[in-house]
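Q: Compact mmCIF, C-alpha atoms, file input_19.txt:
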# COMPACT_ATOMS: atom_id res chain seq x y z
CA MET A 1 0.00 0.00 0.00
CA ALA A 2 1.42 3.40 -1.00
CA GLN A 3 2.34 5.77 1.81
CA LYS A 4 0.03 8.77 2.12
CA PRO A 5 2.10 11.93 1.59
CA SER A 6 2.15 14.42 4.46
CA ILE A 7 4.27 17.12 6.06
CA PRO A 8 5.04 17.78 9.76
CA LYS A 9 2.47 19.75 11.74
CA GLY A 10 3.29 23.44 11.90
CA THR A 11 4.92 23.47 8.45
CA ARG A 12 3.42 24.42 5.09
CA ASP A 13 3.83 23.99 1.36
CA PHE A 14 3.55 27.17 -0.71
CA SER A 15 1.95 27.30 -4.15
CA PRO A 16 3.36 29.50 -6.95
CA ALA A 17 0.74 32.16 -6.17
CA GLU A 18 1.61 32.10 -2.47
CA MET A 19 5.32 32.29 -3.26
CA ALA A 20 4.66 35.36 -5.40
CA GLY A 21 3.06 37.04 -2.37
CA ARG A 22 5.90 35.99 -0.08
CA ASP A 23 8.48 37.27 -2.56
CA HIS A 24 6.63 40.60 -2.58
CA ILE A 25 7.11 40.81 1.21
CA PHE A 26 10.77 39.73 1.08
CA ASN A 27 11.57 42.14 -1.74
CA THR A 28 9.86 45.01 0.08
CA VAL A 29 11.69 44.52 3.39
CA ARG A 30 14.99 43.88 1.61
CA THR A 31 14.67 47.14 -0.35
CA VAL A 32 13.90 49.14 2.80
CA PHE A 33 16.70 47.51 4.82
CA LYS A 34 19.25 48.33 2.12
CA LYS A 35 17.97 51.92 1.90
CA TYR A 36 18.89 52.41 5.57
CA GLY A 37 22.42 51.10 5.07
CA TYR A 38 22.03 47.51 6.31
CA SER A 39 24.00 44.69 4.64
CA PRO A 40 22.93 41.02 4.29
CA ILE A 41 24.44 37.99 6.02
CA GLU A 42 23.34 34.37 6.40
CA THR A 43 24.06 31.85 9.15
CA PRO A 44 23.61 28.04 9.17
CA SER A 45 20.21 26.49 9.88
CA MET A 46 21.92 24.50 12.64
CA GLU A 47 23.90 25.97 15.51
CA ASN A 48 25.81 24.17 18.23
CA LEU A 49 23.31 23.44 20.99
CA SER A 50 25.61 25.20 23.45
CA THR A 51 25.12 28.41 21.41
CA LEU A 52 21.33 28.24 21.76
CA LEU A 53 20.65 26.84 25.24
CA GLY A 54 20.07 29.33 28.04
CA LYS A 55 19.51 32.33 25.76
CA TYR A 56 15.69 32.26 25.54
CA GLY A 57 14.67 31.45 29.10
CA GLU A 58 13.40 28.16 30.48
CA GLU A 59 10.28 28.18 28.30
CA GLY A 60 12.28 28.99 25.17
CA ASP A 61 14.75 26.16 25.80
CA LYS A 62 11.84 23.71 25.77
CA LEU A 63 10.93 24.85 22.25
CA LEU A 64 14.35 24.15 20.71
CA PHE A 65 14.48 21.45 18.02
CA LYS A 66 17.52 19.30 18.75
CA VAL A 67 19.31 17.52 15.90
CA LEU A 68 20.68 13.98 16.23
CA ASN A 69 24.42 13.76 15.64
CA SER A 70 23.93 11.05 13.02
CA GLY A 71 21.61 8.27 11.94
CA ASP A 72 23.22 5.92 14.50
CA ALA A 73 23.53 8.51 17.28
CA PHE A 74 22.00 6.08 19.81
CA SER A 75 24.61 3.37 19.22
CA GLY A 76 26.73 4.42 22.21
CA VAL A 77 23.83 5.02 24.60
CA THR A 78 24.06 3.16 27.93
CA PRO A 79 21.18 2.18 30.26
CA ASP A 80 22.32 4.88 32.73
CA MET A 81 21.90 7.57 30.06
CA LEU A 82 18.32 6.48 29.36
CA SER A 83 17.35 7.48 32.90
CA ASN A 84 19.01 10.91 32.62
CA SER A 85 17.53 13.11 29.87
CA ASN A 86 20.31 15.71 30.07
CA SER A 87 23.04 13.10 29.75
CA LEU A 88 21.21 11.45 26.86
CA SER A 89 20.65 14.77 25.10
CA VAL A 90 24.34 15.72 25.29
CA LYS A 91 25.36 12.29 23.99
CA VAL A 92 23.08 12.16 20.93
CA CYS A 93 22.46 15.86 20.14
CA GLU A 94 25.20 18.44 19.85
CA LYS A 95 23.31 20.75 17.47
CA GLY A 96 19.92 22.42 17.24
CA LEU A 97 17.85 24.26 14.66
CA ARG A 98 18.03 28.00 15.24
CA TYR A 99 15.20 29.45 17.37
CA ASP A 100 15.68 32.99 16.08
CA LEU A 101 18.22 35.01 14.10
CA THR A 102 19.47 37.25 16.93
CA VAL A 103 21.54 34.76 18.94
CA PRO A 104 23.21 33.36 15.78
CA PHE A 105 23.91 36.99 14.81
CA ALA A 106 25.62 37.62 18.17
CA ARG A 107 27.70 34.47 17.65
CA TYR A 108 28.56 35.66 14.12
CA VAL A 109 29.70 39.08 15.38
CA VAL A 110 32.05 37.56 17.97
CA GLN A 111 33.42 34.96 15.57
CA HIS A 112 34.04 37.53 12.80
CA GLN A 113 34.81 40.61 14.92
CA SER A 114 38.17 41.20 13.21
CA GLU A 115 36.47 41.34 9.79
CA ILE A 116 33.60 43.74 10.47
CA VAL A 117 33.35 47.48 11.07
CA PHE A 118 31.43 48.75 14.11
CA PRO A 119 28.70 49.89 14.32
CA PHE A 120 27.78 46.83 12.25
CA LYS A 121 24.40 47.02 10.49
CA ARG A 122 23.09 43.75 9.10
CA TYR A 123 19.86 42.27 7.83
CA GLN A 124 19.01 38.58 7.57
CA ILE A 125 16.04 36.84 5.91
CA GLN A 126 15.97 33.14 6.81
CA PRO A 127 13.73 30.47 8.39
CA VAL A 128 13.70 29.60 12.10
CA TRP A 129 12.18 26.66 13.97
CA ARG A 130 10.29 26.35 17.26
CA ALA A 131 8.68 23.25 18.76
CA ASP A 132 5.55 25.23 19.58
CA ARG A 133 1.94 24.06 19.47
CA PRO A 134 0.72 24.85 15.94
CA GLN A 135 -2.27 27.20 15.74
CA LYS A 136 -3.50 30.11 13.66
CA GLY A 137 -0.61 32.47 13.01
CA ARG A 138 1.87 30.24 14.88
CA TYR A 139 4.04 27.78 12.98
CA ARG A 140 6.94 25.48 13.78
CA GLU A 141 8.87 26.62 10.73
CA PHE A 142 8.63 30.25 9.72
CA TYR A 143 10.66 33.05 8.18
CA GLN A 144 12.02 36.04 10.04
CA CYS A 145 13.32 39.21 8.41
CA ASP A 146 15.73 40.70 10.95
CA VAL A 147 17.50 44.03 10.94
CA ASP A 148 20.05 44.81 13.70
CA VAL A 149 22.82 47.27 14.48
CA ILE A 150 25.49 46.32 17.00
CA GLY A 151 28.28 48.40 18.53
CA SER A 152 26.35 51.61 19.28
CA ASN A 153 24.37 52.81 22.32
CA SER A 154 22.67 55.71 20.52
CA LEU A 155 18.88 55.91 20.55
CA ILE A 156 19.14 57.07 16.93
CA ASN A 157 19.28 53.35 16.17
CA GLU A 158 15.94 52.76 17.93
CA LEU A 159 14.43 55.66 16.00
CA GLU A 160 15.74 54.18 12.75
CA LEU A 161 14.06 50.86 13.51
CA VAL A 162 10.72 52.62 14.04
CA GLN A 163 11.25 54.44 10.73
CA ILE A 164 11.98 51.12 9.01
CA VAL A 165 8.76 49.66 10.43
CA ASP A 166 6.85 52.72 9.21
CA ASP A 167 8.47 52.45 5.78
CA VAL A 168 7.95 48.70 5.33
CA PHE A 169 4.30 48.60 6.37
CA GLY A 170 3.55 51.77 4.43
CA LYS A 171 4.86 50.09 1.28
CA LEU A 172 2.91 46.90 2.08
CA GLY A 173 -0.29 48.94 2.51
CA LEU A 174 -0.93 47.87 6.12
CA SER A 175 -2.13 50.02 9.01
CA VAL A 176 -0.16 49.13 12.15
CA VAL A 177 0.52 50.33 15.67
CA VAL A 178 4.05 50.26 17.11
CA LYS A 179 4.02 49.53 20.84
CA ILE A 180 7.14 50.56 22.79
CA ASN A 181 8.34 49.95 26.34
CA ASN A 182 11.72 49.65 28.09
CA ARG A 183 13.05 46.68 30.06
CA LYS A 184 14.73 49.09 32.49
CA VAL A 185 11.25 50.36 33.39
CA LEU A 186 10.16 46.77 33.99
CA SER A 187 13.25 46.24 36.18
CA GLY A 188 12.24 49.35 38.11
CA ILE A 189 8.70 48.01 38.57
CA ALA A 190 10.12 44.75 39.95
CA GLU A 191 12.39 46.74 42.25
CA VAL A 192 9.73 49.07 43.71
CA SER A 193 7.35 46.11 44.16
CA GLY A 194 9.98 44.49 46.40
CA HIS A 195 10.76 41.63 44.01
CA ALA A 196 13.81 42.72 42.01
CA ASP A 197 14.98 39.09 42.08
CA LYS A 198 11.83 37.98 40.24
CA LEU A 199 12.15 40.21 37.15
CA ILE A 200 11.99 37.23 34.78
CA ASP A 201 8.88 35.79 36.46
CA ILE A 202 7.20 39.20 36.31
CA THR A 203 8.05 39.87 32.65
CA VAL A 204 7.05 36.36 31.52
CA ALA A 205 3.70 36.78 33.26
CA ILE A 206 2.81 40.28 32.07
CA ASP A 207 3.96 39.43 28.53
CA LYS A 208 0.84 37.23 28.36
CA ILE A 209 -1.62 39.99 29.28
CA ASP A 210 -3.07 40.29 25.75
CA LYS A 211 -3.61 36.52 25.54
CA ILE A 212 -4.93 35.66 29.02
CA GLY A 213 -6.07 38.98 30.55
CA ILE A 214 -5.07 40.88 33.69
CA ASP A 215 -6.78 38.51 36.14
CA ALA A 216 -4.93 35.45 34.84
CA VAL A 217 -1.67 37.43 34.89
CA LYS A 218 -2.27 38.27 38.57
CA GLU A 219 -2.87 34.59 39.34
CA GLU A 220 0.39 33.67 37.62
CA LEU A 221 2.25 36.33 39.61
CA TYR A 222 0.80 34.93 42.85
CA SER A 223 1.89 31.43 41.81
CA LYS A 224 5.47 32.71 41.41
CA GLY A 225 5.57 33.94 45.01
CA ILE A 226 4.78 37.59 44.31
CA ASP A 227 2.61 38.86 47.16
CA GLU A 228 -0.62 40.85 47.03
CA ASP A 229 1.06 44.14 48.01
CA ALA A 230 3.47 43.80 45.09
CA VAL A 231 0.69 42.92 42.67
CA ALA A 232 -1.24 45.97 43.92
CA ILE A 233 1.73 48.11 42.78
CA ILE A 234 2.15 46.31 39.43
CA GLU A 235 -1.50 46.12 38.31
CA PRO A 236 -2.31 49.86 37.95
CA ILE A 237 0.90 50.38 35.97
CA LEU A 238 -0.15 47.78 33.41
CA THR A 239 -3.52 49.49 32.92
CA LEU A 240 -2.23 53.08 32.94
CA SER A 241 -3.99 55.21 30.30
CA GLY A 242 -3.57 58.67 28.83
CA ALA A 243 -1.06 60.47 26.62
CA THR A 244 2.53 59.23 26.45
CA GLU A 245 3.86 62.30 28.26
CA ASP A 246 1.34 61.82 31.10
CA LYS A 247 2.22 58.11 31.42
CA LEU A 248 5.94 58.90 31.62
CA THR A 249 5.37 61.60 34.24
CA ARG A 250 3.35 59.15 36.33
CA MET A 251 6.07 56.48 35.91
CA SER A 252 8.73 58.94 37.09
CA ASP A 253 6.77 59.33 40.33
CA ILE A 254 6.18 55.58 40.79
CA LEU A 255 9.83 54.72 40.09
CA SER A 256 11.36 57.64 41.97
CA TYR A 257 13.33 55.26 44.21
CA SER A 258 14.61 53.06 41.38
CA GLU A 259 17.70 54.29 39.55
CA ILE A 260 17.37 51.77 36.73
CA GLY A 261 13.64 52.47 36.39
CA LEU A 262 14.21 56.22 36.06
CA LYS A 263 16.94 55.55 33.47
CA GLY A 264 14.36 53.61 31.44
CA VAL A 265 11.86 56.47 31.69
CA GLU A 266 14.48 58.96 30.45
CA GLU A 267 15.32 56.70 27.49
CA LEU A 268 11.64 56.48 26.59
CA LYS A 269 11.24 60.27 26.79
CA GLU A 270 14.21 60.76 24.47
CA LEU A 271 13.04 58.09 22.01
CA PHE A 272 9.49 59.43 21.75
CA GLY A 273 10.92 62.92 21.23
CA LEU A 274 13.05 61.63 18.34
CA ILE A 275 10.05 59.84 16.85
CA GLU A 276 7.99 63.01 16.97
CA SER A 277 10.74 65.07 15.32
CA ALA A 278 11.17 62.44 12.58
CA GLY A 279 7.51 62.68 11.52
CA VAL A 280 6.80 58.96 11.66
CA ALA A 281 3.45 58.34 9.96
CA CYS A 282 2.25 55.14 11.65
CA GLU A 283 0.71 55.07 15.13
CA VAL A 284 3.28 54.75 17.93
CA GLU A 285 2.27 54.26 21.56
CA LEU A 286 3.82 53.62 24.96
CA ASP A 287 2.59 50.27 26.31
CA LEU A 288 3.78 49.64 29.86
CA SER A 289 2.38 46.08 29.78
CA LEU A 290 4.70 45.16 26.89
CA ALA A 291 7.42 42.86 28.22
CA ARG A 292 8.86 40.73 25.37
CA GLY A 293 9.58 37.47 27.18
CA LEU A 294 13.10 36.88 25.85
CA ASN A 295 15.73 37.25 28.57
CA TYR A 296 18.37 39.07 26.55
CA TYR A 297 16.50 42.40 26.16
CA THR A 298 17.86 45.20 28.36
CA GLY A 299 16.50 48.51 26.97
CA ALA A 300 13.84 49.61 24.51
CA ILE A 301 11.45 46.87 23.37
CA PHE A 302 9.09 46.98 20.38
CA GLU A 303 6.04 45.14 19.18
CA VAL A 304 4.02 45.84 16.04
CA LYS A 305 0.39 44.80 15.55
CA SER A 306 -2.03 45.09 12.67
CA LYS A 307 -4.86 47.54 13.34
CA GLU A 308 -7.11 45.79 10.82
CA THR A 309 -6.95 42.12 11.87
CA SER A 310 -6.93 40.10 15.08
CA MET A 311 -3.48 38.66 14.31
CA GLY A 312 -0.99 38.83 17.18
CA SER A 313 2.40 40.50 16.95
CA ILE A 314 3.71 40.68 13.36
CA CYS A 315 7.00 42.35 14.25
CA GLY A 316 9.02 42.76 17.43
CA GLY A 317 12.44 43.37 18.91
CA GLY A 318 14.49 45.44 21.29
CA ARG A 319 17.90 46.39 22.68
CA TYR A 320 20.30 43.84 24.12
CA ASP A 321 23.30 45.35 25.92
CA ASP A 322 25.58 42.37 26.27
CA LEU A 323 24.34 39.46 24.17
CA THR A 324 27.80 39.07 22.63
CA GLY A 325 29.25 38.86 26.15
CA ILE A 326 28.09 35.25 26.46
CA PHE A 327 30.43 34.46 23.57
CA GLY A 328 33.37 36.42 25.02
CA LEU A 329 32.94 39.91 23.54
CA LYS A 330 31.96 42.16 26.46
CA GLY A 331 30.34 45.59 26.47
CA VAL A 332 28.94 45.61 22.93
CA SER A 333 25.36 46.85 22.76
CA GLY A 334 22.95 46.07 19.96
CA VAL A 335 19.36 46.67 18.97
CA GLY A 336 17.19 45.04 16.34
CA ILE A 337 13.73 44.19 15.16
CA SER A 338 12.29 41.13 13.43
CA PHE A 339 9.50 41.06 10.83
CA GLY A 340 7.45 37.84 10.94
CA ALA A 341 7.03 37.16 7.22
CA ASP A 342 4.46 34.38 7.66
CA ARG A 343 2.16 36.43 9.87
CA ILE A 344 2.55 39.46 7.61
CA TYR A 345 1.58 37.25 4.65
CA ASP A 346 -1.52 36.05 6.53
CA VAL A 347 -2.54 39.65 7.30
CA ILE A 348 -2.09 40.86 3.70
CA SER A 349 -3.88 37.77 2.39
CA THR A 350 -6.79 38.22 4.82
CA LEU A 351 -7.14 41.85 3.75
CA ASP A 352 -6.59 41.00 0.05
CA ARG A 353 -3.89 43.67 -0.19
CA PHE A 354 -1.36 41.99 -2.48
CA PRO A 355 -0.86 44.24 -5.53
CA LYS A 356 -1.94 42.51 -8.70
CA ASP A 357 1.37 43.05 -10.48
CA ALA A 358 3.25 41.53 -7.52
CA VAL A 359 1.50 38.15 -7.74
CA GLU A 360 1.06 37.86 -11.49
CA GLY A 361 3.09 35.20 -13.25
CA THR A 362 3.34 34.71 -16.99
CA LYS A 363 1.88 37.64 -18.94
CA VAL A 364 1.46 35.98 -22.35
CA LEU A 365 1.33 32.43 -23.66
CA PHE A 366 2.23 31.75 -27.30
CA THR A 367 0.26 28.96 -28.91
CA ASN A 368 2.05 26.03 -30.53
CA MET A 369 0.28 24.97 -33.74
CA GLY A 370 3.26 23.35 -35.48
CA ASP A 371 7.03 23.50 -36.03
CA LYS A 372 6.88 26.54 -38.33
CA GLU A 373 4.62 28.45 -35.93
CA MET A 374 6.83 27.53 -32.96
CA ARG A 375 9.98 28.79 -34.72
CA TYR A 376 8.15 32.04 -35.58
CA ALA A 377 7.27 32.48 -31.88
CA ILE A 378 10.70 31.74 -30.35
CA PRO A 379 12.39 35.09 -31.26
CA LEU A 380 9.24 37.00 -30.24
CA VAL A 381 9.30 35.36 -26.82
CA LYS A 382 12.95 36.32 -26.47
CA ILE A 383 12.16 39.97 -27.29
CA LEU A 384 9.41 40.07 -24.64
CA ARG A 385 11.56 38.43 -21.98
CA GLU A 386 14.39 40.88 -22.63
CA ALA A 387 11.84 43.67 -22.09
CA GLY A 388 10.91 42.13 -18.72
CA ILE A 389 7.57 40.69 -19.87
CA ALA A 390 7.14 37.10 -18.64
CA SER A 391 6.33 34.90 -21.64
CA GLU A 392 5.99 31.23 -22.52
CA ILE A 393 5.43 28.98 -25.53
CA TYR A 394 3.06 26.08 -25.01
CA PRO A 395 5.49 23.13 -25.26
CA ASP A 396 3.30 20.60 -27.11
CA GLN A 397 1.43 20.72 -30.41
CA VAL A 398 -2.14 20.07 -29.26
CA LYS A 399 -5.61 21.40 -30.00
CA LEU A 400 -6.04 25.14 -29.52
CA LYS A 401 -8.81 24.62 -26.94
CA LYS A 402 -6.41 22.75 -24.65
CA GLN A 403 -3.94 25.62 -24.89
CA PHE A 404 -6.74 28.11 -24.11
CA ASP A 405 -7.75 26.07 -21.06
CA TYR A 406 -4.14 25.87 -19.87
CA ALA A 407 -3.73 29.67 -20.06
CA ASP A 408 -7.06 30.19 -18.27
CA LYS A 409 -6.24 27.80 -15.41
CA ARG A 410 -2.79 29.36 -14.99
CA GLY A 411 -4.30 32.84 -14.85
CA ILE A 412 -2.27 33.98 -17.87
CA PRO A 413 -4.02 37.14 -19.14
CA PHE A 414 -3.01 37.06 -22.82
CA LEU A 415 -2.81 34.41 -25.52
CA ALA A 416 -0.66 35.08 -28.60
CA ILE A 417 -2.14 33.01 -31.42
CA ILE A 418 0.10 32.23 -34.39
CA GLY A 419 -1.14 30.40 -37.45
CA GLU A 420 -0.45 30.35 -41.19
CA ASP A 421 -2.03 33.78 -41.80
CA GLU A 422 -0.05 35.44 -39.01
CA ILE A 423 3.24 34.08 -40.34
CA THR A 424 2.44 35.10 -43.93
CA ASN A 425 1.58 38.68 -42.91
CA SER A 426 4.16 39.13 -40.07
CA LYS A 427 1.33 39.50 -37.57
CA ILE A 428 0.24 38.18 -34.16
CA SER A 429 -3.34 37.61 -33.01
CA LEU A 430 -3.43 38.76 -29.40
CA LYS A 431 -6.39 37.69 -27.25
CA ASN A 432 -7.22 39.20 -23.86
CA LEU A 433 -8.60 36.22 -21.93
CA SER A 434 -10.33 38.33 -19.27
CA THR A 435 -12.33 40.49 -21.72
CA GLY A 436 -12.44 38.16 -24.73
CA GLU A 437 -11.17 40.97 -26.98
CA GLN A 438 -8.88 39.86 -29.79
CA LYS A 439 -6.82 42.07 -32.09
CA VAL A 440 -4.22 41.55 -34.81
CA ILE A 441 -0.93 43.45 -34.36
CA ASP A 442 2.33 43.77 -36.28
CA LYS A 443 4.95 41.57 -34.67
CA GLU A 444 7.26 44.63 -34.44
CA ASP A 445 4.68 46.30 -32.15
CA ILE A 446 4.45 43.47 -29.65
CA ILE A 447 6.36 45.23 -26.85
CA ASN A 448 4.35 48.45 -27.23
CA SER A 449 1.12 46.42 -27.17
CA PHE A 450 1.95 45.12 -23.70
CA LYS A 451 3.32 48.41 -22.38
CA ASN A 452 0.06 50.05 -23.41
Written as structure tokens, how would this file's structure read?
A:
Amino acid sequence: MAQKPSIPKGTRDFSPAEMAGRDHIFNTVRTVFKKYGYSPIETPSMENLSTLLGKYGEEGDKLLFKVLNSGDAFSGVTPDMLSNSNSLSVKVCEKGLRYDLTVPFARYVVQHQSEIVFPFKRYQIQPVWRADRPQKGRYREFYQCDVDVIGSNSLINELELVQIVDDVFGKLGLSVVVKINNRKVLSGIAEVSGHADKLIDITVAIDKIDKIGIDAVKEELYSKGIDEDAVAIIEPILTLSGATEDKLTRMSDILSYSEIGLKGVEELKELFGLIESAGVACEVELDLSLARGLNYYTGAIFEVKSKETSMGSICGGGRYDDLTGIFGLKGVSGVGISFGADRIYDVISTLDRFPKDAVEGTKVLFTNMGDKEMRYAIPLVKILREAGIASEIYPDQVKLKKQFDYADKRGIPFLAIIGEDEITNSKISLKNLSTGEQKVIDKEDIINSFKN
């Protein structure tokens, strides 16, 4: 019995039409990244497991896909190892599929530090893998489009990332809101609540507020040993409303006894001032409940959401002051943001916003009625292709109806019909398949016919 074909849960095949839409996204972000002076790199799909472990928090480590050393990786496994998952993992898995592009980037910077110029501005468009539970908008294999600058502390870099977001989504025709917070402010909140040692527990909990609501977040905080008095301090901060300036003034009062918290407030004031002076078009707001669960963030944090769909975050990032330090290069600060290509595709698709010319394939199909007709068509196809007009010749000599049907099913808008009369008179019969209109043109006018 033949095996039924399937793919792993959380992965997807992409049709030619879907790939055209994805390429539109990739080409758009790539063009914007390059415009701001960022250069491309690529890193391997696999990293040493030691590079990945411990960088994403306890929950993130559980989502790492580990790669067996070889097909017979279990050959040296002993009974003792079977009872110890850590020992077994080290023995049979030394590598893992990358969880994101930021940690591999930090590893790249340290490994190639003598070859690069700081500040180093790079972009990277590659797939990542997470052993997450598949659901709408969440996949186990998905593409990220990252843009980072490392080796500079200036908030000009944060401003530039907001401008890139504004530029990309403006070109994609999407209305978004950029939410901004600062991990130093979150550290200050933990400090004034009396639980500075539980910063990670607090940020992991409040990062879920959009998904589970404030009451469930409070319950999670209680479960982590954070008392009612502390929660009473944290809760009103998360629901603070009003203008950005008013929120920051209120936060200055709340965090008046926290040096790191006040530093975060000052950074936010400066950043929002830069954003205002830059004339950013998209909506930008201060969201004090934004936490970004990844452990390596230390300053400004960003999250971008569609204003027109219920999709979750479609873009996010932040500043990491010493991510390279774990690989031996101390005191190098970086900041970056990641565009989730798959979620962005889903949003554009839901809203039917892909431009027609971005997803169109072949523009014209030449019929094949015989050897003489085919040879007449070949140089014409070459002329069109050199002019950037996607063209094909039907490969087989079959009935004209079958060639019509093929063009229709492929969504090819024009059919170039060549028969004995067309060859004799140096003409082409050009049929518009959407309107049914057919006209005879001189073969020398074929490029102008399509440009018009």
Q: Just checking: using all atoms listed in the file, which residue out of A:Asp146, A:Glu444, A:Glu59, A:Asp371 ends up closest to Gln126 of chain A?
A: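 That would be A:Asp146, the residue with the smallest distance to Gln126 of chain A.
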Q: Pick from A:Met1, A:Ile237, A:Leu329, A:Ile156: nearest to Ser114 of chain A, with all atoms listed in the file counted?
A: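 Smallest distance to Ser114 of chain A is found for A:Leu329.
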Q: Counting all atoms listed in the file, which of A:Val165, A:Ile446, A:Cys315, A:Ile412 gets nearest to Ser426 of chain A?
A: A:Ile446
Q: In the coordinate frame of the file, compute which residues have an atom within 9 Å of (-1.4, 28.0, -34.8) when using all atoms listed in the file, and state them as a list in words.
A: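 Counting all atoms listed in the file, I find these residues within 9 Å of (-1.4, 28.0, -34.8): Thr367, Asn368, Met369, Gly370, Glu373, Met374, Gln397, Leu400, Ile417, Ile418, Gly419, Glu420 and Glu422 of chain A.
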Q: Expressed in Å to a single decimal, how great is the separation between atom CA of Pro104 of chain A and atom CA of Ile301 of chain A?
A: 19.5 Å
Q: By how many Å are atom CA of His195 of chain A and atom CA of Gly336 of chain A apart?
A: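 Distance between the two atoms: 28.6 Å.
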Q: Could you jot down the atom CA of Tyr56 of chain A to atom CA of Tyr123 of chain A separation for me, Å, one decimal place?
A: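 Interatomic distance, atom CA of Tyr56 of chain A to atom CA of Tyr123 of chain A: 20.8 Å.
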Q: May I have the residues within 12 Å of Trp129 of chain A as a list in words, using all atoms listed in the file and disregarding those fewer than 5 positions away in the same chain?
A: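 Here the qualifying residues turn out to be Gly10, Thr11, Ser45, Met46, Glu47, Gly60, Leu63, Leu64, Phe65, Lys66, Val67, Gly96, Leu97, Arg98, Tyr99, Asp100, Leu101, Pro134, Arg138, Tyr139, Arg140, Glu141, Phe142, Tyr143 and Gln144 of chain A.
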Q: Measuring atom to atom with only C-alpha atoms, identify which of A:Val335, A:Val364, A:Val280, A:Ala416 is nearest to Ser154 of chain A.
A: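 Under the stated criterion, the closest residue is A:Val335.
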Q: Would you mind telling me which residue in A:Ala358, A:Val304, A:Cys282, A:Leu351 lies nearest to Asp23 of chain A when using only C-alpha atoms?
A: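 Checking each of A:Ala358, A:Val304, A:Cys282, A:Leu351 against Asp23 of chain A, counting only C-alpha atoms, the winner is A:Ala358.
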Q: With all atoms listed in the file as the counted atoms, please give the residues lying no more than 12 Å from Pro236 of chain A, apart from itself and same-chain residues fewer than 4 positions off, as an NGL selection string.
A: :A and (189 or 214 or 218 or 230-232 or 240-241 or 247 or 250-251 or 254 or 288-289)
Q: Which one of A:Val177, A:Val347, A:Leu268, A:Val192 sits closest to Asp229 of chain A if you count only C-alpha atoms?
A: A:Val192
Q: Hey, which bits of segment 328-405 of chain A sit within 12 Å of segment 30-40 of chain A, and for each residue what's the closest pair of atoms and how far apart in Å (one decimal), counting all atoms listed in the file, rows by chain and increasing number, as a tab-separated table?
A:
residue	atom	partner	partner_atom	distance
A:Gly336	CA	A:Tyr38	CA	11.4
A:Ile337	CA	A:Phe33	CA	11.3
A:Ser338	CA	A:Phe33	CA	11.6
A:Phe339	CA	A:Arg30	CA	11.1
A:Ala341	CA	A:Arg30	CA	11.8
Q: Select from segment 238-328 of chain A every residue with an atom at most 12 Å from any atom of segment 148-151 of chain A, then for each give the shortest pair of atoms and their distance in Å to one decimal, using all atoms listed in the file, rows by chain and rising number, as JSON lines.
A:
{"residue": "A:Gly316", "atom": "CA", "partner": "A:Asp148", "partner_atom": "CA", "distance": 11.8}
{"residue": "A:Gly317", "atom": "CA", "partner": "A:Asp148", "partner_atom": "CA", "distance": 9.3}
{"residue": "A:Gly318", "atom": "CA", "partner": "A:Asp148", "partner_atom": "CA", "distance": 9.4}
{"residue": "A:Arg319", "atom": "CA", "partner": "A:Asp148", "partner_atom": "CA", "distance": 9.4}
{"residue": "A:Tyr320", "atom": "CA", "partner": "A:Ile150", "partner_atom": "CA", "distance": 9.2}
{"residue": "A:Asp321", "atom": "CA", "partner": "A:Ile150", "partner_atom": "CA", "distance": 9.2}
{"residue": "A:Asp322", "atom": "CA", "partner": "A:Ile150", "partner_atom": "CA", "distance": 10.1}
{"residue": "A:Leu323", "atom": "CA", "partner": "A:Ile150", "partner_atom": "CA", "distance": 10.0}
{"residue": "A:Thr324", "atom": "CA", "partner": "A:Ile150", "partner_atom": "CA", "distance": 9.5}
Q: Starting from the point (19.9, 52.8, 27.1), work out which residues of protein, DNA or RNA have an atom no more than 8 Å away when counting only C-alpha atoms; state them as an MDAnalysis selection string.
A: chainID A and resid 153:155 263:264 267 298:300
Q: With N, CA and C atoms as the goal, would you fill in the gaps in segment 50-57 of chain A and present it as a short mmCIF file (atom, residue, chain, number, x, y, z; two decimals), in the coordinates of the input?
A:
data_model
loop_
_atom_site.label_atom_id
_atom_site.label_comp_id
_atom_site.auth_asym_id
_atom_site.auth_seq_id
_atom_site.Cartn_x
_atom_site.Cartn_y
_atom_site.Cartn_z
N SER A 50 25.06 24.34 22.40
CA SER A 50 25.61 25.20 23.45
C SER A 50 25.43 26.69 23.12
N THR A 51 25.35 27.02 21.82
CA THR A 51 25.12 28.41 21.41
C THR A 51 23.69 28.84 21.73
N LEU A 52 22.75 27.91 21.62
CA LEU A 52 21.33 28.24 21.76
C LEU A 52 20.80 28.12 23.18
N LEU A 53 21.22 27.10 23.91
CA LEU A 53 20.65 26.84 25.24
C LEU A 53 20.93 27.99 26.21
N GLY A 54 19.92 28.33 27.01
CA GLY A 54 20.07 29.33 28.04
C GLY A 54 19.91 30.76 27.57
N LYS A 55 19.61 30.97 26.29
CA LYS A 55 19.51 32.33 25.76
C LYS A 55 18.06 32.81 25.67
N TYR A 56 17.10 31.90 25.77
CA TYR A 56 15.69 32.26 25.54
C TYR A 56 14.82 32.03 26.78
N GLY A 57 15.44 31.75 27.90
CA GLY A 57 14.67 31.45 29.10
C GLY A 57 14.28 29.99 29.15
#
